[in-house]
>>> print(open('run_37.txt').read())   # compact mmCIF, C-alpha atoms
# COMPACT_ATOMS: atom_id res chain seq x y z
CA MET A 1 31.75 -47.47 19.17
CA GLU A 2 30.28 -50.91 19.89
CA GLY A 3 26.87 -49.40 20.62
CA TYR A 4 27.06 -47.35 17.44
CA PHE A 5 27.71 -50.40 15.23
CA LYS A 6 24.94 -52.33 16.95
CA GLY A 7 22.57 -49.46 16.23
CA GLU A 8 23.73 -49.39 12.64
CA GLU A 9 23.02 -53.11 12.25
CA THR A 10 19.57 -52.66 13.79
CA ILE A 11 18.70 -49.88 11.31
CA GLN A 12 19.98 -51.91 8.37
CA MET A 13 17.91 -54.92 9.43
CA ARG A 14 14.80 -52.76 9.94
CA LEU A 15 15.20 -51.08 6.56
CA GLU A 16 15.54 -54.47 4.85
CA MET A 17 12.49 -55.86 6.63
CA THR A 18 10.22 -52.79 6.34
CA PRO A 19 11.49 -50.12 3.93
CA ASP A 20 9.94 -47.24 5.88
CA ALA A 21 11.98 -44.13 4.99
CA ARG A 22 10.46 -42.03 7.78
CA GLN A 23 11.34 -44.59 10.46
CA PHE A 24 14.78 -44.98 8.92
CA TRP A 25 15.61 -41.28 9.33
CA GLN A 26 14.21 -41.23 12.86
CA ASP A 27 16.49 -44.13 13.85
CA LEU A 28 19.42 -42.48 12.11
CA GLN A 29 18.85 -39.30 14.12
CA ASP A 30 18.65 -41.33 17.32
CA ILE A 31 22.02 -43.05 16.93
CA THR A 32 23.75 -39.82 15.84
CA SER A 33 22.08 -37.75 18.60
CA TYR A 34 20.92 -35.27 15.98
CA LYS A 35 19.00 -32.27 17.25
CA ALA A 36 17.60 -29.50 15.09
CA LYS A 37 18.93 -26.07 15.92
CA PRO A 38 16.25 -23.86 17.48
CA ASN A 39 15.33 -20.71 15.60
CA SER A 40 13.86 -17.86 17.59
CA ARG A 41 12.03 -16.19 14.69
CA ASN A 42 11.48 -18.99 12.20
CA GLY A 43 9.11 -21.65 13.29
CA GLY A 44 5.64 -21.83 14.74
CA ASP A 45 5.28 -18.14 15.58
CA ALA A 46 1.79 -17.28 14.36
CA SER A 47 2.31 -13.59 15.15
CA LEU A 48 5.33 -13.27 12.84
CA PRO A 49 3.34 -12.52 9.63
CA ASP A 50 1.44 -9.77 11.45
CA GLU A 51 4.65 -8.27 12.82
CA LEU A 52 6.34 -8.36 9.42
CA ASN A 53 3.30 -6.85 7.71
CA ALA A 54 3.33 -3.93 10.16
CA PHE A 55 7.12 -3.58 9.83
CA TYR A 56 7.03 -3.36 6.03
CA ALA A 57 4.17 -0.82 6.11
CA HIS A 58 5.50 1.52 8.79
CA PHE A 59 7.06 3.91 6.26
CA GLU A 60 3.65 4.54 4.69
CA ARG A 61 1.99 4.97 8.07
CA GLU A 62 4.59 7.50 9.15
CA ASN A 63 4.03 9.58 6.01
CA ILE A 64 1.60 12.25 7.15
CA THR A 65 1.60 14.11 3.83
CA THR A 66 -1.78 13.74 2.16
CA ALA A 67 -1.52 12.65 -1.46
CA VAL A 68 -3.57 15.00 -3.66
CA LYS A 69 -3.67 14.78 -7.44
CA ILE A 70 -2.82 17.87 -9.46
CA PRO A 71 -5.67 19.39 -11.52
CA VAL A 72 -5.27 18.52 -15.19
CA ALA A 73 -5.59 21.34 -17.73
CA PRO A 74 -7.73 20.67 -20.81
CA GLU A 75 -4.73 21.03 -23.09
CA ASP A 76 -2.60 18.63 -21.04
CA PRO A 77 -1.75 15.53 -23.12
CA VAL A 78 -2.86 12.06 -22.08
CA ILE A 79 -0.60 9.21 -23.10
CA SER A 80 -1.93 5.91 -24.43
CA VAL A 81 -0.48 2.59 -25.51
CA SER A 82 -1.06 0.69 -28.73
CA GLU A 83 -2.25 -2.88 -29.05
CA ALA A 84 1.00 -3.79 -30.80
CA ASN A 85 3.07 -2.56 -27.84
CA VAL A 86 0.92 -4.49 -25.36
CA ARG A 87 1.26 -7.64 -27.46
CA LEU A 88 5.02 -7.21 -27.61
CA SER A 89 5.21 -6.67 -23.84
CA LEU A 90 3.28 -9.90 -23.21
CA LYS A 91 5.43 -11.90 -25.61
CA ARG A 92 8.58 -10.66 -23.86
CA LEU A 93 7.48 -12.09 -20.51
CA ARG A 94 10.09 -14.30 -18.91
CA VAL A 95 8.42 -17.57 -18.01
CA ASN A 96 10.14 -19.39 -15.17
CA PRO A 97 8.10 -22.27 -13.66
CA CYS A 98 10.40 -22.33 -10.61
CA LYS A 99 9.46 -18.79 -9.56
CA ALA A 100 6.72 -18.17 -7.01
CA GLU A 101 3.34 -17.35 -8.49
CA ALA A 102 1.82 -13.87 -8.49
CA PRO A 103 -0.79 -12.84 -5.89
CA ASP A 104 -3.62 -13.56 -8.36
CA GLY A 105 -2.28 -17.05 -9.09
CA VAL A 106 -2.05 -16.36 -12.83
CA PRO A 107 1.33 -17.52 -14.22
CA GLY A 108 3.07 -15.76 -17.08
CA LYS A 109 2.92 -18.67 -19.53
CA PRO A 110 -0.78 -18.34 -20.54
CA LEU A 111 -0.41 -14.55 -20.81
CA LYS A 112 2.53 -15.04 -23.15
CA THR A 113 0.89 -17.87 -25.11
CA PHE A 114 -2.37 -15.98 -25.71
CA ALA A 115 -0.77 -12.56 -26.21
CA ASN A 116 -2.59 -12.03 -29.53
CA GLN A 117 -6.00 -12.64 -27.93
CA LEU A 118 -5.34 -10.64 -24.75
CA ALA A 119 -3.55 -7.62 -26.22
CA GLY A 120 -6.71 -5.76 -27.26
CA ILE A 121 -8.45 -6.27 -23.91
CA LEU A 122 -5.46 -5.24 -21.82
CA LYS A 123 -4.84 -2.26 -24.11
CA ASN A 124 -8.33 -0.93 -23.33
CA ILE A 125 -7.82 -1.45 -19.59
CA ILE A 126 -4.51 0.39 -19.39
CA ASN A 127 -5.67 3.25 -21.64
CA LEU A 128 -8.74 3.80 -19.43
CA SER A 129 -6.45 3.67 -16.40
CA LEU A 130 -4.17 6.33 -17.93
CA LEU A 131 -7.15 8.47 -18.95
CA TRP A 132 -8.75 8.40 -15.49
CA THR A 133 -5.32 8.50 -13.74
CA GLU A 134 -6.38 5.59 -11.56
CA VAL A 135 -4.84 2.15 -11.13
CA PRO A 136 -7.33 -0.58 -10.11
CA THR A 137 -6.64 -1.71 -6.58
CA CYS A 138 -6.99 -5.37 -7.56
CA ILE A 139 -3.86 -5.22 -9.75
CA LYS A 140 -1.79 -3.26 -7.21
CA LYS A 141 -1.75 -6.14 -4.73
CA THR A 142 1.62 -7.33 -3.45
CA THR A 143 2.57 -10.54 -1.71
CA ILE A 144 5.71 -10.22 0.42
CA ILE A 145 7.91 -13.27 0.95
CA PRO A 146 10.42 -12.74 3.79
CA VAL A 147 13.65 -14.63 3.08
CA PRO A 148 15.98 -15.13 6.08
CA LYS A 149 19.37 -13.46 5.69
CA LYS A 150 20.97 -15.89 8.17
CA ASN A 151 20.19 -19.06 10.10
CA ASN A 152 19.06 -17.48 13.36
CA MET A 153 16.99 -14.32 13.10
CA SER A 154 16.91 -12.01 16.11
CA CYS A 155 14.91 -9.12 14.64
CA LEU A 156 12.57 -8.36 11.74
CA ASN A 157 15.35 -6.62 9.84
CA ASP A 158 17.08 -10.01 9.49
CA TYR A 159 14.64 -10.88 6.70
CA HIS A 160 15.22 -9.96 3.08
CA LEU A 161 12.04 -8.70 1.44
CA VAL A 162 10.90 -10.28 -1.84
CA ALA A 163 7.78 -8.59 -3.26
CA LEU A 164 5.61 -10.49 -5.75
CA THR A 165 3.32 -8.42 -7.96
CA LEU A 166 0.83 -9.32 -10.67
CA THR A 167 2.34 -10.25 -14.03
CA VAL A 168 -0.18 -8.04 -15.84
CA MET A 169 0.89 -5.08 -13.72
CA LYS A 170 4.51 -5.71 -14.65
CA CYS A 171 3.54 -5.38 -18.31
CA PHE A 172 1.75 -2.11 -17.58
CA GLU A 173 4.76 -0.81 -15.65
CA ARG A 174 7.08 -1.69 -18.53
CA LEU A 175 4.91 0.20 -21.01
CA VAL A 176 4.72 3.28 -18.81
CA MET A 177 8.46 3.12 -18.07
CA THR A 178 9.16 3.25 -21.80
CA ARG A 179 7.26 6.54 -22.05
CA LEU A 180 8.96 7.88 -18.91
CA ASN A 181 12.41 7.15 -20.30
CA SER A 182 11.59 8.92 -23.56
CA CYS A 183 10.36 11.99 -21.66
CA LEU A 184 13.01 12.21 -18.93
CA SER A 185 16.19 10.67 -20.36
CA LYS A 186 17.55 14.04 -21.49
CA ASP A 187 17.14 15.53 -18.00
CA LEU A 188 18.79 12.71 -16.03
CA ASP A 189 22.29 13.09 -14.62
CA PRO A 190 24.87 11.64 -17.04
CA LEU A 191 26.54 9.90 -14.08
CA GLN A 192 23.37 8.04 -13.10
CA PHE A 193 23.80 4.34 -13.84
CA ALA A 194 20.97 2.77 -11.88
CA TYR A 195 17.80 2.00 -13.84
CA ARG A 196 19.33 3.22 -17.10
CA HIS A 197 19.30 1.21 -20.31
CA HIS A 198 22.66 -0.36 -21.25
CA ARG A 199 24.21 0.73 -17.94
CA SER A 200 25.30 -1.43 -15.03
CA MET A 201 27.22 -1.52 -11.76
CA ALA A 202 30.37 -2.38 -13.71
CA ASP A 203 29.98 0.85 -15.71
CA ALA A 204 29.62 2.86 -12.50
CA ILE A 205 32.76 1.32 -10.98
CA SER A 206 34.77 1.82 -14.18
CA THR A 207 33.70 5.45 -14.42
CA ALA A 208 34.53 6.15 -10.77
CA LEU A 209 37.97 4.55 -11.14
CA HIS A 210 38.65 6.44 -14.35
CA ILE A 211 37.77 9.81 -12.79
CA ALA A 212 39.85 9.08 -9.67
CA LEU A 213 42.93 7.79 -11.54
CA ASP A 214 42.78 10.60 -14.07
CA HIS A 215 42.77 13.12 -11.21
CA LEU A 216 45.65 11.37 -9.44
CA ASP A 217 47.84 11.94 -12.48
CA ASN A 218 48.08 15.57 -11.36
CA THR A 219 50.85 16.64 -8.99
CA ASN A 220 50.07 16.48 -5.24
CA ALA A 221 46.54 15.26 -5.96
CA TYR A 222 44.44 13.06 -3.74
CA VAL A 223 40.94 11.60 -3.91
CA ARG A 224 38.26 11.36 -1.25
CA THR A 225 35.35 9.03 -1.90
CA LEU A 226 32.07 9.02 0.00
CA PHE A 227 29.79 5.97 -0.22
CA ILE A 228 26.21 6.31 1.06
CA ASP A 229 23.87 3.37 1.50
CA TYR A 230 20.25 4.53 1.53
CA SER A 231 18.37 2.06 3.71
CA SER A 232 14.93 1.20 2.27
CA ALA A 233 15.19 4.10 -0.17
CA PHE A 234 12.07 3.19 -2.13
CA ASN A 235 9.96 2.77 1.01
CA THR A 236 10.89 6.24 2.27
CA ILE A 237 9.80 8.08 -0.88
CA ILE A 238 7.04 10.62 -0.27
CA PRO A 239 4.81 10.31 -3.37
CA THR A 240 3.64 13.94 -3.43
CA ILE A 241 7.24 15.24 -3.43
CA LEU A 242 8.18 12.79 -6.17
CA ILE A 243 5.30 13.97 -8.35
CA LYS A 244 6.34 17.61 -7.99
CA LYS A 245 9.88 16.70 -9.07
CA LEU A 246 8.56 14.81 -12.08
CA GLN A 247 6.51 17.80 -13.12
CA ASN A 248 9.54 20.06 -12.75
CA LEU A 249 11.30 17.71 -15.17
CA GLY A 250 8.53 18.28 -17.70
CA LEU A 251 6.36 15.20 -17.22
CA CYS A 252 2.72 15.72 -18.18
CA THR A 253 0.23 16.14 -15.34
CA SER A 254 -1.97 13.16 -16.22
CA LEU A 255 0.94 10.72 -16.14
CA SER A 256 2.21 12.28 -12.89
CA ASN A 257 -1.21 11.70 -11.32
CA TRP A 258 -1.23 8.12 -12.60
CA ILE A 259 2.14 7.45 -10.94
CA LEU A 260 0.84 9.02 -7.72
CA ASP A 261 -2.18 6.69 -7.74
CA PHE A 262 0.14 3.77 -8.51
CA LEU A 263 2.26 4.47 -5.42
CA ILE A 264 -0.53 4.89 -2.86
CA GLY A 265 -3.23 2.58 -1.57
CA ARG A 266 -1.34 -0.64 -2.32
CA PRO A 267 -2.74 -3.66 -0.40
CA GLN A 268 -0.14 -6.16 0.72
CA SER A 269 0.02 -9.54 2.43
CA VAL A 270 2.90 -11.42 4.02
CA GLN A 271 3.38 -15.09 3.25
CA ILE A 272 5.56 -17.19 5.50
CA MET A 273 6.80 -20.68 4.69
CA TYR A 274 7.07 -23.11 7.61
CA CYS A 275 8.39 -26.26 5.94
CA PHE A 276 5.32 -27.32 3.94
CA GLU A 277 2.83 -25.01 5.67
CA THR A 278 1.90 -21.51 4.54
CA LEU A 279 0.41 -18.71 6.59
CA LEU A 280 -1.21 -15.87 4.70
CA LEU A 281 -2.15 -12.66 6.46
CA SER A 282 -3.93 -9.89 4.58
>>> encode(input="run_37.txt", output="structure tokens")
Amino acid sequence: MEGYFKGEETIQMRLEMTPDARQFWQDLQDITSYKAKPNSRNGGDASLPDELNAFYAHFERENITTAVKIPVAPEDPVISVSEANVRLSLKRLRVNPCKAEAPDGVPGKPLKTFANQLAGILKNIINLSLLWTEVPTCIKKTTIIPVPKKNNMSCLNDYHLVALTLTVMKCFERLVMTRLNSCLSKDLDPLQFAYRHHRSMADAISTALHIALDHLDNTNAYVRTLFIDYSSAFNTIIPTILIKKLQNLGLCTSLSNWILDFLIGRPQSVQIMYCFETLLLS
């Protein structure tokens, strides 16, 4: 204890003489014998971005089904969006300065502020995209930020994936999703709660409990419940099979082809934060 108090007095005297915060913390770590915990997958590993990039893309590499667009009949309708809807979508952007920026570096605030000036231009771009059933590669880019699930990572699956996409593409997706909901809402299962408007996890739990308790009111009744967790469900989707299902539900061919093009050929990069340093691997 005597050595500790002497060290404390030395630090206090040094801080009063030269207020160097860096030296102060170094001395404080010395007298407390502080040592940073080693992390096997966190720091200084230059190969980690490359490994994560390959890990997040292995579902697409393993998909051997060639994506082929369906021929569009002359009478098949082609959807389009209005300038008013694009303007409304831009003005509804949620601007959060604390969120990480999109891959193009364009924040949502200027898009929201100049919605009136940009609506006409973006309307022409998305309508041409829907007409040609092609999504420009430059707006399909994704930046992946791996967030550690725990302090010490032992494998790549110990990272939680956060995908950052372009703000403009989010507006396009919202506009297309509105049309999809209007076309497919009548064909969806009434017990589907995910990705449905005005439905939530609480609604799903309440419905499940209601069905189970209502059944248990019967004599000699019992309930068996099966819970299935689909690991990386979105990454394992085969686009060509999804498009066929959408067509079976009555979705027009041109929009089905647009969704197919949206799902394939998506360039991605992995960005790793090491304290104040950033590694970017395309």
>>> residues_around(input="run_37.txt", residues="Leu88 of chain A", least_positions_apart="4", cutoff="12 Å", atoms="only C-alpha atoms", output="PDB file with C-alpha atoms, in the coordinates of the input")
ATOM      1  CA  VAL A  81      -0.480   2.590 -25.510  1.00  0.00           C
ATOM      2  CA  SER A  82      -1.060   0.690 -28.730  1.00  0.00           C
ATOM      3  CA  GLU A  83      -2.250  -2.880 -29.050  1.00  0.00           C
ATOM      4  CA  ALA A  84       1.000  -3.790 -30.800  1.00  0.00           C
ATOM      5  CA  ARG A  92       8.580 -10.660 -23.860  1.00  0.00           C
ATOM      6  CA  LEU A  93       7.480 -12.090 -20.510  1.00  0.00           C
ATOM      7  CA  LEU A 111      -0.410 -14.550 -20.810  1.00  0.00           C
ATOM      8  CA  LYS A 112       2.530 -15.040 -23.150  1.00  0.00           C
ATOM      9  CA  THR A 113       0.890 -17.870 -25.110  1.00  0.00           C
ATOM     10  CA  PHE A 114      -2.370 -15.980 -25.710  1.00  0.00           C
ATOM     11  CA  ALA A 115      -0.770 -12.560 -26.210  1.00  0.00           C
ATOM     12  CA  ASN A 116      -2.590 -12.030 -29.530  1.00  0.00           C
ATOM     13  CA  LEU A 118      -5.340 -10.640 -24.750  1.00  0.00           C
ATOM     14  CA  ALA A 119      -3.550  -7.620 -26.220  1.00  0.00           C
ATOM     15  CA  GLY A 120      -6.710  -5.760 -27.260  1.00  0.00           C
ATOM     16  CA  LYS A 123      -4.840  -2.260 -24.110  1.00  0.00           C
ATOM     17  CA  CYS A 171       3.540  -5.380 -18.310  1.00  0.00           C
ATOM     18  CA  PHE A 172       1.750  -2.110 -17.580  1.00  0.00           C
ATOM     19  CA  ARG A 174       7.080  -1.690 -18.530  1.00  0.00           C
ATOM     20  CA  LEU A 175       4.910   0.200 -21.010  1.00  0.00           C
TER      21      LEU A 175
END
>>> atom_distance(input="run_37.txt", atom1="atom CA of Lys69 of chain A", atom2="atom CA of Asn257 of chain A")
5.5 Å
>>> atom_distance(input="run_37.txt", atom1="atom CA of Val270 of chain A", atom2="atom CA of Asn151 of chain A")
19.9 Å
>>> residues_around(input="run_37.txt", residues="Thr165 of chain A", least_positions_apart="5", cutoff="12 Å", atoms="all atoms listed in the file", output="PyMOL selection string")
chain A and resi 100-108+138-145+170-173+266-269
>>> residues_around(input="run_37.txt", residues="Ser80 of chain A", least_positions_apart="3", cutoff="9 Å", atoms="all atoms listed in the file", output="JSON list (two decimals) with C-alpha atoms, in the frame of the given file")
[["chain", "number", "residue", "atom", "x", "y", "z"],
["A", 123, "LYS", "CA", -4.84, -2.26, -24.11],
["A", 126, "ILE", "CA", -4.51, 0.39, -19.39],
["A", 127, "ASN", "CA", -5.67, 3.25, -21.64],
["A", 128, "LEU", "CA", -8.74, 3.80, -19.43],
["A", 130, "LEU", "CA", -4.17, 6.33, -17.93],
["A", 131, "LEU", "CA", -7.15, 8.47, -18.95]]
>>> residues_around(input="run_37.txt", residues="Trp258 of chain A", least_positions_apart="3", cutoff="7 Å", atoms="all atoms listed in the file", output="count of residues only")
7
>>> residues_around(input="run_37.txt", residues="Pro148 of chain A", least_positions_apart="5", cutoff="7 Å", atoms="only C-alpha atoms", output="list in words")
Asp158, Tyr159 and His160 of chain A
>>> closest_residue(input="run_37.txt", among="A:Tyr195, A:Phe227, A:Trp132, A:Tyr222", to="Val78 of chain A", atoms="all atoms listed in the file")
A:Trp132
>>> closest_residue(input="run_37.txt", among="A:Asp187, A:Asp50, A:Asp76, A:Asp214", to="Leu246 of chain A", atoms="all atoms listed in the file")
A:Asp187
>>> atom_distance(input="run_37.txt", atom1="atom CA of Asn218 of chain A", atom2="atom CA of Ser206 of chain A")
19.3 Å
